[in-house]
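Q: Have a look at this one.
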Amino acid sequence: MPFSDHISSSLPCLPEFTALLHLSQFPATLTSPQSATSMFYFLCLSTRWSSSSFPLLLLTLLSRQIGLEGVQGSVCSRWETHDNNKGLSQDGDVIIGGLFNLNYLLSFTEQDFTKKPYFEPCTGLNILPSKLMYAMTFAVEEINRNSTLLQGVKLGYRILDSWGQSAPLIIGPGFSSMGVILSRILGPLSVPLISYSATCPCLSDRHKFPNFFRTIPSDIYQARAIARLVFHFKWTWIGAVIANDDYGHSALQVFQEEIQGKRICLEFIETVRWETIMDDVKKTAITIQASTARVILIFCWYIGVIPLFLELTEKNVTDRQFLASEAWSTRDALLQNLAISKVASGVVGVAIRSSPIPGFEHYLRSLNPYNHPNDVFVRELWEKEFGGTESLKEVQSVFTDVSQLRWTYNVYLAVYAAAHALHSLLSCPNRDSPTNNSSTCSSAKHIKPRELLQQLNKLNISTPHGEMFYFQGADIPAKFDIVNWQKTPEGSLKLVLVGYVDEFNVHLNESVIQWNTGSSEVPVSVCSKSCPPGTRMANRKGEPVCCFDCIPCGEGEISNITGSLHCKSCPSEFWSNTERTVCIRRQMDFLSFNETLGITLTTVAVSGVIVTTAVFVVFLYYRQTPMVRANNSELSFLLLLSLKLCFLCSLVFIGRPSVWSCRFQQAAFGISFVLCVSCLLVKTMVVLAAFRSARPGAAALMKWFGPGLQRGSVCLFTSVQIIICIIWLSISPPVPHRDLGIQGSKVTLKCAMASVVGFSLVLGYIGLLACSCLLLAFLARKLPDNFNEAKLITFSMLIFCAVWVAFVPAYVSSPGKYVVAVEIFAILASSYGLLFCIFAPKCFIILLRPEKNTKKHLMGR
């Protein structure tokens, strides 16, 4: 049977009670059916109520029956007899209700944690809720003295009052579980609840809880705040310990959502269950001790943190930095425990914001049973805590300590929120005008909770401290203090405020933070150290994204930040430096006269010109000798001139390419070599014709190979190449081009062949003439003569063809400026081959063997 049905079927109560009970949807876990039945049966028989006073009465009973939520939910009831005076009240024009858990807390015996958790019932007064209650009374009295707020209206209160008129608004409850229940009960009546410490994210749902407000951020925001701290300190490898309840699991879920995609990893997640707390903390301590994470996040209640720290102290695990959630970051039970100070030193956590309340300390110290004889709470407080001390003016206690007003300030803020909402509701223009229609203005005696609820939703005020305050649905803009546990000279721990975090930013004074190491340097907690600039992160297979290797960027790529995921390619005009950290502009690269290769090739080319000139001089000097005359001296001089041009044209390829140099170098190369090969071809043809003419009937053959025809043949063969070059250079000439395709730090400036066909025709024509010359020279190599020039031409053309056959693959495969160097080498090699093969033997005879330089010797037999 549903819990509500069980209760309602057992009670001879008013219809309103049964209806509200069903609306509340009580969870069966909050209390037993039998105890709830007894409570409500007592309510029905012992109490007179009206529909208007019932909600406040029910809230009072629930607040006493249910108590603290979670671990703090097990409280010792103070219900002995129904005491009508058990409350605190002040009359006024408008009464607001207050719900505070004033029951006695369960005490905690630390030494028994070595066996199992032990709670000793009813050993001390819950002072904190007492201070919260008096924060409400102080705020009400302060508002009543305010000449601008609720002018002409006196504000009153009922705190834990089971009698009297109903309240249009409730300050409280203090815990989420009660907030869920009360919001469902009072929702149909539109009675607003302003909680000061209920943090469950579920209460932000305006569809389910439209009448709920709070002056404390939801647990979602504290999980986000802790995530921002992790981002701020660049911790990427952390462990997590959570309570095995909604608080722990929901906080961890939000935290994981915040760090998703940011390369932050949880090495482990350990849960602490209240039923098996000692076994769980031992297992968790072992996990922490074995972990490589140096930062441990704890979303847990403080009674779970104490045994964990004790276990870590026993294992001497003192090199971990703990991140504290709001549930334990400010607990005196932890701060004052010397046994755990070695482990807990340096804790950094988020806490409910603390704010001073001017005049509140004086107000607390002025409270005493003599001045407040009707205040049962003051009387009990004096009896239990202060032993009947007449004055608190010189007493130092938790009750009078106002250095850290967190929940207390939230209560103060809630009262001011209520007062401003009432002020807006009761501020009716022309209220005193005779023509005023009173039905359009709310009266202090007849406030409609629904209208007050509307004013709270629209609330936008400035607090007494000058802060803007408004509700975003049920919540206020989130802001948390950041606290640090620091060692005192006595060895204990103290709480130090080091900054705050809001919805957008972390504001920290890092210089005052004392870390677990005792130094001011932020501890490092990473699985792998951040990759330096010039490298990138590469995930390790099968491991979390926080564990990676650092791979150097490739050539032409850089990473200029620490921890880069990728290397960026440099723009086409740039290249990476040696460290791969910055893109630098590529240097312009071409075969220069100033570099070693350029100097070498220039020297070889100039040497060729000098040698050719020397040969030319020798031939010119000995032009009347048989050796020179017998070998067609005119063609020999023309051949030497063409060889000189071949050597000189190679110099055109060296230096910075320009429009004219690109055009001239290929034309000079093509024409020079065609002239050279044409001379050899005609020489060969003359040799063949000469020997053929010696046969009977062939004398007329030499008439066709006279000097004029020889010159004409050379000019004809050369003119064909000139025409090819003119057409090529007119239609699609080579142009200077920046070659970016070569991978390297330099941009090669070269002459690009816009038309491969034109260059191929130039080379092809040279090859055709060379092959023809080689073939004819080969046929004439064995003609009878002591000095057969055809043999020399055959050897020279073999070298020439071999060089240019090898040139093609070398030219295609050479990178950058070495393409030009290969072409120059081919020009020089083939030129030297022709020069030495044809003219070296002749010069040897002319200069060193003059006795052989005779017609008789040359003609032989």
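Labeling convention for the structure tokens: chains A, B, ... as they appear, residues from 1 per chain, ligands from 1 in order of appearance.
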Would you mind listing what lies within 8 Å of Pro552 in chain A as a list in words, with only C-alpha atoms counted and same-chain residues fewer than 4 positions away left out?
A: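 Skipping anything fewer than 4 positions along the chain leaves Gly534, Thr535, Arg536 and Arg580 of chain A.
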Q: Between A:Asp739, A:Glu451, A:Glu510, A:Glu557, which has the minimum distance to Val498 in chain A (counting only C-alpha atoms)?
A: A:Glu510
Q: List the spatial neighbours of range 308-310 of chain A as a PDB file with C-alpha atoms, in the first residue's frame - criterion: any atom at most 8 Å away, only C-alpha atoms, same-chain residues fewer than 3 positions off excluded.
A:
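Saved as result-v4.pdb:
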```pdb
ATOM      1  CA  VAL A 281      37.769   3.597   3.220  1.00  0.00           C
ATOM      2  CA  LYS A 282      40.475   0.928   3.577  1.00  0.00           C
ATOM      3  CA  THR A 284      39.972   3.577  -1.106  1.00  0.00           C
ATOM      4  CA  ALA A 285      43.143   4.346   0.865  1.00  0.00           C
ATOM      5  CA  GLY A 304      33.227   9.708   5.485  1.00  0.00           C
ATOM      6  CA  VAL A 305      36.288  11.912   5.034  1.00  0.00           C
ATOM      7  CA  THR A 313      47.581   8.823   7.959  1.00  0.00           C
ATOM      8  CA  GLU A 314      48.176   5.268   9.114  1.00  0.00           C
ATOM      9  CA  ALA A 339      45.519  13.170  13.885  1.00  0.00           C
ATOM     10  CA  ILE A 340      44.803  13.920  10.236  1.00  0.00           C
ATOM     11  CA  VAL A 343      47.390  14.298   5.398  1.00  0.00           C
ATOM     12  CA  ALA A 344      44.818  17.088   5.210  1.00  0.00           C
TER      13      ALA A 344
END
```
